[in-house]
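Each remark here refers to the structure printed beneath this line.
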Amino acid sequence: MNRINWGRVVLGGMLAAAVLMVFATASTVLIAGRQGLRTSMHALQPSTRGGLAPLFFILAFLFLGILMTWWYAVIRSLFGPGPKAAAIAGFAMWLTVIAFTLKSVAVGEPVPLPEGPISTILYLLMMIASTTAGAWVYKEQQR
């Protein structure tokens with residue numbers, strides 16, 4: 001049995017995070033328009049949040065990317081390496097994000113994601129594409 005290659009998980013996670021950031025920016029423009037993107041960028045400026053907001057979002061995307069790639073690494077022995085296992089891992093990541101969103105709604109916190117069926121499907125596609133990118137880099141470590 002092969003072992004998880006943590007170096008490749010991190011490398012694949014970095015690629016998945018970059019893909020997810022690009023898709024998140026594009027979806028913000030698609031859903032909220034240019035004004036929505038301007039508002040989002042203004043919220044990320046260091047002067048508006050004490051300088052930590054950009055770092056937080058980069059680290060959050062990096063965490064998600066590594067988590068997606070790790071899930072792929074774990075389930076690929078069950079489903080086989082390739083896009084099918086990556087899509088399943090991306091779907092699992094999407095379910096996790098939806099669960100946290102529902103938790104936020106339940107306790108009255110602001111919802112971190114745009115609402116509606118189009119954005120929900122768009123986020124699913126983003127998660128699957130990002131996980132597939134991270135999976136492309138991943139190779140298991142031989143004993």
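Ligands are numbered from 1 in the order shown, chains are lettered A, B, ... in the order of the structure tokens, and residues start at 1 in each chain.
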Polymer residues at most 8 Å from A:Gly90, only C-alpha atoms, same-chain spacing of 4 or more positions, as a ChimeraX atom specification: /A:68,86,94,124,127-132
Exercise: stretch 76-81 of chain A partners within 10 Å, only C-alpha atoms, chain neighbours under 2 positions left out, as a ChimeraX atom specification: /A:1-2,70-74,83-86,88-89,135-136,138-140
Write the residues of the selection above to a file with C-alpha atoms, as a PDB file, in the first residue's frame.
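To be explicit, this is the file written out as part.pdb:
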```pdb
ATOM      1  CA  MET A   1       0.000   0.000   0.000  1.00  0.00           C
ATOM      2  CA  ASN A   2       1.284   3.453  -0.885  1.00  0.00           C
ATOM      3  CA  TRP A  70      -5.743  15.615   0.672  1.00  0.00           C
ATOM      4  CA  TRP A  71      -9.292  14.283   0.225  1.00  0.00           C
ATOM      5  CA  TYR A  72      -8.352  13.257  -3.305  1.00  0.00           C
ATOM      6  CA  ALA A  73      -5.238  11.487  -1.986  1.00  0.00           C
ATOM      7  CA  VAL A  74      -7.290   9.618   0.601  1.00  0.00           C
ATOM      8  CA  PRO A  83     -10.831  12.764 -12.625  1.00  0.00           C
ATOM      9  CA  LYS A  84     -13.575  10.594 -11.090  1.00  0.00           C
ATOM     10  CA  ALA A  85     -11.898  10.560  -7.660  1.00  0.00           C
ATOM     11  CA  ALA A  86     -11.094  14.281  -8.017  1.00  0.00           C
ATOM     12  CA  ILE A  88     -15.888  13.067  -5.771  1.00  0.00           C
ATOM     13  CA  ALA A  89     -13.389  14.891  -3.534  1.00  0.00           C
ATOM     14  CA  ALA A 135      -5.164  16.074  -8.205  1.00  0.00           C
ATOM     15  CA  TRP A 136      -3.262  16.591 -11.456  1.00  0.00           C
ATOM     16  CA  TYR A 138      -0.569  14.634  -6.823  1.00  0.00           C
ATOM     17  CA  LYS A 139       1.427  11.404  -7.065  1.00  0.00           C
ATOM     18  CA  GLU A 140       1.594   8.832  -4.278  1.00  0.00           C
TER      19      GLU A 140
END
```
From A:Ile121, A:Leu67, A:Met93, A:Leu15, residue lying nearest A:Ser27 [only C-alpha atoms]: A:Ile121
Contacts of A:Ala16 within 7 Å, only C-alpha atoms, excl. fewer than 4 positions in-chain, as an MDAnalysis selection string: chainID A and resid 12 20 65 130:131 133:134
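Atom pair atom CA of A:Ala99 / atom CA of A:Ala17 has a distance of 19.9 Å (rounded to one decimal).
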Minimum-distance residue to A:Met21, chosen among A:Ala92, A:Ala87, A:Met126, A:Val9 (using only C-alpha atoms):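 Distance minimum relative to A:Met21 lands on A:Met126.
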Distance in Å - atom CA of A:Phe63 versus atom CA of A:Ala24: 15.0 Å
